[in-house]
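my_file_32.txt (compact mmCIF, C-alpha atoms) appears below.
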```
# COMPACT_ATOMS: atom_id res chain seq x y z
CA MET A 880 9.43 -2.61 13.49
CA THR A 881 6.44 -4.88 12.98
CA THR A 882 6.10 -6.16 9.42
CA ILE A 883 3.43 -8.23 7.73
CA ALA A 884 4.28 -9.62 4.29
CA SER A 885 2.08 -11.27 1.70
CA SER A 886 1.85 -11.90 -2.03
CA ILE A 887 -0.67 -12.59 -4.74
CA THR A 888 -0.30 -13.72 -8.34
CA VAL A 889 -2.47 -12.32 -11.09
CA ASP A 890 -2.81 -12.95 -14.82
CA ILE A 891 -1.95 -9.39 -15.84
CA PRO A 892 1.35 -8.02 -17.18
CA ALA A 893 3.58 -6.46 -14.52
CA SER A 894 3.68 -3.08 -16.28
CA ALA A 895 -0.12 -2.75 -16.13
CA VAL A 896 -0.17 -3.83 -12.47
CA PHE A 897 2.57 -1.34 -11.53
CA ASP A 898 0.89 1.56 -13.34
CA TYR A 899 -2.40 0.80 -11.61
CA LEU A 900 -0.99 0.37 -8.09
CA VAL A 901 1.33 3.38 -8.13
CA GLU A 902 -1.45 5.83 -9.09
CA PRO A 903 -2.75 7.26 -5.77
CA ALA A 904 -6.26 7.85 -7.13
CA ASN A 905 -6.63 4.08 -7.62
CA GLN A 906 -6.03 3.25 -3.96
CA VAL A 907 -9.69 3.67 -3.11
CA HIS A 908 -10.32 0.72 -5.45
CA TRP A 909 -7.57 -1.70 -4.43
CA SER A 910 -7.22 -0.93 -0.71
CA PRO A 911 -10.14 -1.60 1.63
CA ASN A 912 -8.37 0.66 4.17
CA PHE A 913 -7.90 3.71 1.94
CA GLN A 914 -11.10 5.71 2.29
CA PHE A 915 -10.42 8.60 -0.05
CA LEU A 916 -7.72 10.71 -1.65
CA GLU A 917 -7.66 14.14 -0.01
CA ARG A 918 -4.90 15.70 -2.09
CA ALA A 919 -3.57 14.23 -5.31
CA PRO A 920 0.10 14.53 -6.22
CA THR A 921 1.25 17.00 -8.84
CA GLY A 922 3.70 16.18 -11.59
CA THR A 923 5.15 12.85 -12.60
CA LEU A 924 4.92 9.95 -10.16
CA GLY A 925 8.30 8.93 -8.77
CA LEU A 926 10.67 9.18 -5.84
CA GLY A 927 9.48 11.95 -3.52
CA THR A 928 5.91 12.06 -4.84
CA ALA A 929 3.59 13.11 -2.01
CA PHE A 930 -0.17 12.86 -1.60
CA ARG A 931 -2.67 12.93 1.24
CA GLY A 932 -5.33 10.33 1.92
CA ARG A 933 -7.58 9.08 4.68
CA LEU A 934 -6.88 5.61 6.01
CA LYS A 935 -9.25 3.56 8.14
CA ASN A 936 -8.01 3.34 11.75
CA PHE A 937 -5.33 5.99 11.14
CA GLY A 938 -7.11 9.07 9.77
CA SER A 939 -5.60 11.60 7.40
CA LEU A 940 -1.99 10.87 6.41
CA GLU A 941 0.62 12.42 4.15
CA PHE A 942 2.18 9.66 2.03
CA VAL A 943 5.53 9.90 0.23
CA TYR A 944 7.10 7.51 -2.24
CA ASP A 945 10.44 7.07 -0.48
CA GLU A 946 11.54 4.16 -2.70
CA PHE A 947 10.74 4.00 -6.40
CA GLN A 948 12.03 1.70 -9.14
CA PRO A 949 9.83 2.20 -12.23
CA GLN A 950 7.85 -0.89 -13.23
CA THR A 951 9.47 -2.94 -10.43
CA SER A 952 8.90 -1.60 -6.92
CA PHE A 953 7.82 1.33 -4.80
CA ARG A 954 7.27 2.10 -1.15
CA MET A 955 4.83 4.52 0.44
CA ALA A 956 5.70 5.94 3.84
CA ALA A 957 3.69 8.03 6.28
CA ASN A 958 4.15 9.36 9.78
CA HIS A 959 1.35 9.01 12.28
CA ARG A 960 1.27 10.10 15.90
CA THR A 961 1.57 6.42 16.90
CA GLY A 962 4.45 5.56 14.56
CA HIS A 963 5.91 5.32 11.07
CA ILE A 964 3.89 3.33 8.50
CA THR A 965 5.32 1.86 5.28
CA HIS A 966 3.90 -0.22 2.46
CA ARG A 967 6.33 -1.68 -0.07
CA PHE A 968 5.28 -3.33 -3.34
CA THR A 969 7.61 -5.47 -5.46
CA LEU A 970 6.46 -6.91 -8.77
CA SER A 971 7.93 -9.77 -10.73
CA GLY A 972 6.54 -11.61 -13.66
CA GLU A 973 6.85 -13.19 -17.01
CA GLY A 974 4.35 -12.68 -19.77
CA ARG A 975 0.95 -12.09 -18.25
CA ALA A 976 1.62 -13.70 -14.86
CA THR A 977 2.68 -11.18 -12.21
CA THR A 978 3.47 -11.79 -8.57
CA VAL A 979 2.79 -8.81 -6.34
CA ARG A 980 4.73 -9.00 -3.09
CA HIS A 981 3.85 -6.42 -0.50
CA GLU A 982 4.94 -5.67 3.01
CA VAL A 983 3.26 -3.42 5.55
CA GLY A 984 5.54 -2.05 8.23
CA PHE A 985 4.72 -0.23 11.42
CA ASP A 986 7.41 1.25 13.64
CA ALA A 987 5.53 2.20 16.81
CA ARG A 988 6.60 5.08 18.99
CA GLY A 989 5.69 6.25 22.45
CA LEU A 990 2.88 4.45 24.23
CA ALA A 991 1.91 2.70 20.99
CA ARG A 992 4.87 0.35 21.51
CA VAL A 993 2.95 -1.29 24.34
CA ALA A 994 0.04 -2.04 22.02
CA VAL A 995 2.12 -3.66 19.22
CA PRO A 996 1.29 -7.25 20.27
CA LEU A 997 -2.41 -6.35 20.10
CA MET A 998 -1.97 -4.57 16.77
CA LYS A 999 -0.37 -7.51 14.94
CA PRO A 1000 -3.67 -9.40 14.46
CA MET A 1001 -5.29 -6.18 13.19
CA LEU A 1002 -2.43 -5.63 10.73
CA ARG A 1003 -2.60 -9.27 9.55
CA ARG A 1004 -6.35 -8.90 8.98
CA MET A 1005 -5.78 -5.65 7.08
CA VAL A 1006 -3.20 -7.34 4.82
CA SER A 1007 -5.47 -10.34 4.25
CA ASP A 1008 -8.37 -8.03 3.31
CA LEU A 1009 -5.99 -6.11 1.06
CA ASP A 1010 -4.96 -9.31 -0.77
CA LEU A 1011 -8.59 -10.10 -1.53
CA GLN A 1012 -9.34 -6.57 -2.73
CA LEU A 1013 -6.17 -6.46 -4.83
CA LYS A 1014 -7.23 -9.63 -6.65
CA VAL A 1015 -10.70 -8.24 -7.37
CA SER A 1016 -9.44 -4.84 -8.50
CA LEU A 1017 -6.63 -6.20 -10.65
CA ALA A 1018 -8.95 -8.76 -12.27
CA ALA A 1019 -10.95 -5.80 -13.60
CA LEU A 1020 -7.84 -4.72 -15.54
CA SER A 1021 -7.62 -8.02 -17.36
CA PRO A 1022 -9.14 -8.01 -20.85
CA PRO A 1023 -11.93 -10.57 -21.32
```

Any chance you could put this one into structure tokens?
Amino acid sequence: MTTIASSITVDIPASAVFDYLVEPANQVHWSPNFQFLERAPTGTLGLGTAFRGRLKNFGSLEFVYDEFQPQTSFRMAANHRTGHITHRFTLSGEGRATTVRHEVGFDARGLARVAVPLMKPMLRRMVSDLDLQLKVSLAALSPP
């Protein structure tokens, strides 16, 4: 599995950051790769929550929260014809300062395995762009 990890620190309480990131409808704001939400989840967000969205370079995907620790961490997972995609978020903080650690994983299958060395720079760029967008989006949550 190819993984790309990163982290950012923001001046916003962890509970507010978690609530914002875990809501699928907000992904169009904090992820430059999430184009739109095609089908919102029903019910309470938690382990097993599923939703469908369109991701740049991957198309329409069904996402599932396959790990979920309220206010602390969650992981989204999706299957694509080229492999299994995951995105894990772990939050830690004290007071208003919150560190958001996130890790994108891609477990290629079939012919996509050959392209993994070429995909790593693309994944790194996607994570770097995501860090920038996360900072901008989360800053909007901060009271003046």

(request) Determine the nearest neighbour of Asn958 in chain A from the options A:Ala919, A:Leu970, A:Ala893, A:Leu940, counting only C-alpha atoms. (result) A:Leu940

(request) Identify, on the basis of all atoms listed in the file, every residue whose closest approach to Ser1007 in chain A does not exceed 12 Å; exclude the query and any residue fewer than 4 positions from it along the same chain; express the result as a PyMOL selection string. (result) chain A and resi 883-887+910-912+981-983+1000-1003+1011-1014

(request) Show me as a PyMOL selection string the residues that reach within 8 Å of (9.7, 0.9, 17.4), counting only C-alpha atoms and using the file's own coordinates. (result) chain A and resi 880-881+962+985-988+992

(message) One number please: CA of Glu941 in chain A to CA of Trp909 in chain A, in Å, one decimal.
(response)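 Here the two named atoms are 18.4 Å from each other.
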
(message) Using Å and a single decimal, report how far CA of Leu924 in chain A sits from CA of Asp898 in chain A.
(response)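 That distance, rounded to one decimal, is 9.8 Å.
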
(message) Using all atoms listed in the file, which protein or nucleic acid residues come within 12 Å of Val979 in chain A? Drop anything in the same chain fewer than 6 positions from it, and give the result as number ranges by chain.
(response) A: 884-897, 900, 950-953, 967-972, 1009-1010, 1013-1014, 1017

(message) Please list as a list in words every residue within 9 Å of Gly932 in chain A, counting all atoms listed in the file and excluding residues in the same chain fewer than 5 positions away.
(response) Pro903, Phe913, Gln914, Phe915, Leu916, Glu917, Arg918, Ala919, Gly938, Ser939, Leu940, Glu941 and Phe942 of chain A

Kindly save the residues from that selection, with C-alpha atoms included, as a compact mmCIF listing (two decimals), keeping the file's coordinate frame.
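Saved to out_39.txt:
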```
# COMPACT_ATOMS: atom_id res chain seq x y z
CA PRO A 903 -2.75 7.26 -5.77
CA PHE A 913 -7.90 3.71 1.94
CA GLN A 914 -11.10 5.71 2.29
CA PHE A 915 -10.42 8.60 -0.05
CA LEU A 916 -7.72 10.71 -1.65
CA GLU A 917 -7.66 14.14 -0.01
CA ARG A 918 -4.90 15.70 -2.09
CA ALA A 919 -3.57 14.23 -5.31
CA GLY A 938 -7.11 9.07 9.77
CA SER A 939 -5.60 11.60 7.40
CA LEU A 940 -1.99 10.87 6.41
CA GLU A 941 0.62 12.42 4.15
CA PHE A 942 2.18 9.66 2.03
```

Please rebuild range 1001-1012 of chain A with all heavy atoms and give the result as a PDB file, in the frame of the given file.
```pdb
ATOM      1  N   MET A1001      -4.582  -7.174  14.005  1.00  0.00           N
ATOM      2  CA  MET A1001      -5.290  -6.180  13.190  1.00  0.00           C
ATOM      3  C   MET A1001      -4.539  -5.955  11.872  1.00  0.00           C
ATOM      4  O   MET A1001      -5.152  -5.917  10.803  1.00  0.00           O
ATOM      5  CB  MET A1001      -5.428  -4.857  13.938  1.00  0.00           C
ATOM      6  CG  MET A1001      -6.116  -3.773  13.117  1.00  0.00           C
ATOM      7  SD  MET A1001      -6.020  -2.129  13.847  1.00  0.00           S
ATOM      8  CE  MET A1001      -4.327  -1.679  13.483  1.00  0.00           C
ATOM      9  N   LEU A1002      -3.218  -5.835  11.939  1.00  0.00           N
ATOM     10  CA  LEU A1002      -2.430  -5.630  10.730  1.00  0.00           C
ATOM     11  C   LEU A1002      -2.515  -6.850   9.805  1.00  0.00           C
ATOM     12  O   LEU A1002      -2.639  -6.703   8.589  1.00  0.00           O
ATOM     13  CB  LEU A1002      -0.970  -5.328  11.078  1.00  0.00           C
ATOM     14  CG  LEU A1002      -0.712  -3.976  11.718  1.00  0.00           C
ATOM     15  CD1 LEU A1002       0.735  -3.879  12.200  1.00  0.00           C
ATOM     16  CD2 LEU A1002      -1.032  -2.843  10.755  1.00  0.00           C
ATOM     17  N   ARG A1003      -2.476  -8.055  10.369  1.00  0.00           N
ATOM     18  CA  ARG A1003      -2.600  -9.270   9.550  1.00  0.00           C
ATOM     19  C   ARG A1003      -3.958  -9.296   8.835  1.00  0.00           C
ATOM     20  O   ARG A1003      -4.054  -9.659   7.668  1.00  0.00           O
ATOM     21  CB  ARG A1003      -2.435 -10.520  10.403  1.00  0.00           C
ATOM     22  CG  ARG A1003      -1.010 -10.829  10.726  1.00  0.00           C
ATOM     23  CD  ARG A1003      -0.874 -12.230  11.360  1.00  0.00           C
ATOM     24  NE  ARG A1003       0.443 -12.361  11.917  1.00  0.00           N
ATOM     25  CZ  ARG A1003       0.746 -12.149  13.196  1.00  0.00           C
ATOM     26  NH1 ARG A1003      -0.186 -11.821  14.060  1.00  0.00           N
ATOM     27  NH2 ARG A1003       1.989 -12.289  13.619  1.00  0.00           N
ATOM     28  N   ARG A1004      -5.004  -8.929   9.562  1.00  0.00           N
ATOM     29  CA  ARG A1004      -6.350  -8.900   8.980  1.00  0.00           C
ATOM     30  C   ARG A1004      -6.421  -7.856   7.864  1.00  0.00           C
ATOM     31  O   ARG A1004      -7.000  -8.088   6.809  1.00  0.00           O
ATOM     32  CB  ARG A1004      -7.386  -8.625  10.061  1.00  0.00           C
ATOM     33  CG  ARG A1004      -8.819  -8.828   9.635  1.00  0.00           C
ATOM     34  CD  ARG A1004      -9.822  -8.764  10.793  1.00  0.00           C
ATOM     35  NE  ARG A1004      -9.565  -7.728  11.784  1.00  0.00           N
ATOM     36  CZ  ARG A1004      -9.008  -7.945  12.981  1.00  0.00           C
ATOM     37  NH1 ARG A1004      -8.639  -9.160  13.345  1.00  0.00           N
ATOM     38  NH2 ARG A1004      -8.821  -6.949  13.824  1.00  0.00           N
ATOM     39  N   MET A1005      -5.797  -6.699   8.098  1.00  0.00           N
ATOM     40  CA  MET A1005      -5.780  -5.650   7.080  1.00  0.00           C
ATOM     41  C   MET A1005      -5.074  -6.136   5.816  1.00  0.00           C
ATOM     42  O   MET A1005      -5.538  -5.894   4.698  1.00  0.00           O
ATOM     43  CB  MET A1005      -5.096  -4.386   7.613  1.00  0.00           C
ATOM     44  CG  MET A1005      -5.914  -3.620   8.628  1.00  0.00           C
ATOM     45  SD  MET A1005      -5.007  -2.254   9.410  1.00  0.00           S
ATOM     46  CE  MET A1005      -4.827  -1.125   8.032  1.00  0.00           C
ATOM     47  N   VAL A1006      -3.954  -6.833   5.982  1.00  0.00           N
ATOM     48  CA  VAL A1006      -3.200  -7.340   4.820  1.00  0.00           C
ATOM     49  C   VAL A1006      -3.992  -8.430   4.113  1.00  0.00           C
ATOM     50  O   VAL A1006      -4.033  -8.475   2.879  1.00  0.00           O
ATOM     51  CB  VAL A1006      -1.795  -7.815   5.246  1.00  0.00           C
ATOM     52  CG1 VAL A1006      -1.114  -8.591   4.135  1.00  0.00           C
ATOM     53  CG2 VAL A1006      -0.945  -6.618   5.668  1.00  0.00           C
ATOM     54  N   SER A1007      -4.649  -9.293   4.857  1.00  0.00           N
ATOM     55  CA  SER A1007      -5.470 -10.340   4.250  1.00  0.00           C
ATOM     56  C   SER A1007      -6.626  -9.722   3.448  1.00  0.00           C
ATOM     57  O   SER A1007      -6.906 -10.140   2.318  1.00  0.00           O
ATOM     58  CB  SER A1007      -6.016 -11.256   5.344  1.00  0.00           C
ATOM     59  OG  SER A1007      -6.856 -12.235   4.791  1.00  0.00           O
ATOM     60  N   ASP A1008      -7.294  -8.730   4.022  1.00  0.00           N
ATOM     61  CA  ASP A1008      -8.370  -8.030   3.310  1.00  0.00           C
ATOM     62  C   ASP A1008      -7.820  -7.341   2.068  1.00  0.00           C
ATOM     63  O   ASP A1008      -8.462  -7.318   1.012  1.00  0.00           O
ATOM     64  CB  ASP A1008      -9.033  -6.986   4.206  1.00  0.00           C
ATOM     65  CG  ASP A1008      -9.845  -7.596   5.334  1.00  0.00           C
ATOM     66  OD1 ASP A1008     -10.095  -8.825   5.312  1.00  0.00           O
ATOM     67  OD2 ASP A1008     -10.207  -6.841   6.269  1.00  0.00           O
ATOM     68  N   LEU A1009      -6.627  -6.785   2.191  1.00  0.00           N
ATOM     69  CA  LEU A1009      -5.990  -6.110   1.060  1.00  0.00           C
ATOM     70  C   LEU A1009      -5.713  -7.103  -0.067  1.00  0.00           C
ATOM     71  O   LEU A1009      -5.954  -6.798  -1.247  1.00  0.00           O
ATOM     72  CB  LEU A1009      -4.701  -5.439   1.508  1.00  0.00           C
ATOM     73  CG  LEU A1009      -3.883  -4.755   0.421  1.00  0.00           C
ATOM     74  CD1 LEU A1009      -4.678  -3.627  -0.223  1.00  0.00           C
ATOM     75  CD2 LEU A1009      -2.591  -4.225   0.992  1.00  0.00           C
ATOM     76  N   ASP A1010      -5.217  -8.286   0.258  1.00  0.00           N
ATOM     77  CA  ASP A1010      -4.960  -9.310  -0.770  1.00  0.00           C
ATOM     78  C   ASP A1010      -6.229  -9.620  -1.562  1.00  0.00           C
ATOM     79  O   ASP A1010      -6.202  -9.688  -2.793  1.00  0.00           O
ATOM     80  CB  ASP A1010      -4.437 -10.597  -0.135  1.00  0.00           C
ATOM     81  CG  ASP A1010      -2.990 -10.505   0.291  1.00  0.00           C
ATOM     82  OD1 ASP A1010      -2.283  -9.565  -0.112  1.00  0.00           O
ATOM     83  OD2 ASP A1010      -2.553 -11.397   1.052  1.00  0.00           O
ATOM     84  N   LEU A1011      -7.328  -9.798  -0.848  1.00  0.00           N
ATOM     85  CA  LEU A1011      -8.590 -10.100  -1.530  1.00  0.00           C
ATOM     86  C   LEU A1011      -9.022  -8.954  -2.439  1.00  0.00           C
ATOM     87  O   LEU A1011      -9.425  -9.172  -3.586  1.00  0.00           O
ATOM     88  CB  LEU A1011      -9.692 -10.391  -0.504  1.00  0.00           C
ATOM     89  CG  LEU A1011      -9.510 -11.643   0.336  1.00  0.00           C
ATOM     90  CD1 LEU A1011     -10.569 -11.714   1.436  1.00  0.00           C
ATOM     91  CD2 LEU A1011      -9.558 -12.884  -0.539  1.00  0.00           C
ATOM     92  N   GLN A1012      -8.932  -7.728  -1.931  1.00  0.00           N
ATOM     93  CA  GLN A1012      -9.340  -6.570  -2.730  1.00  0.00           C
ATOM     94  C   GLN A1012      -8.417  -6.345  -3.907  1.00  0.00           C
ATOM     95  O   GLN A1012      -8.858  -5.954  -4.986  1.00  0.00           O
ATOM     96  CB  GLN A1012      -9.421  -5.322  -1.851  1.00  0.00           C
ATOM     97  CG  GLN A1012     -10.064  -4.142  -2.543  1.00  0.00           C
ATOM     98  CD  GLN A1012     -11.508  -4.410  -2.948  1.00  0.00           C
ATOM     99  OE1 GLN A1012     -12.243  -5.084  -2.249  1.00  0.00           O
ATOM    100  NE2 GLN A1012     -11.901  -3.894  -4.089  1.00  0.00           N
TER     101      GLN A1012
END
```
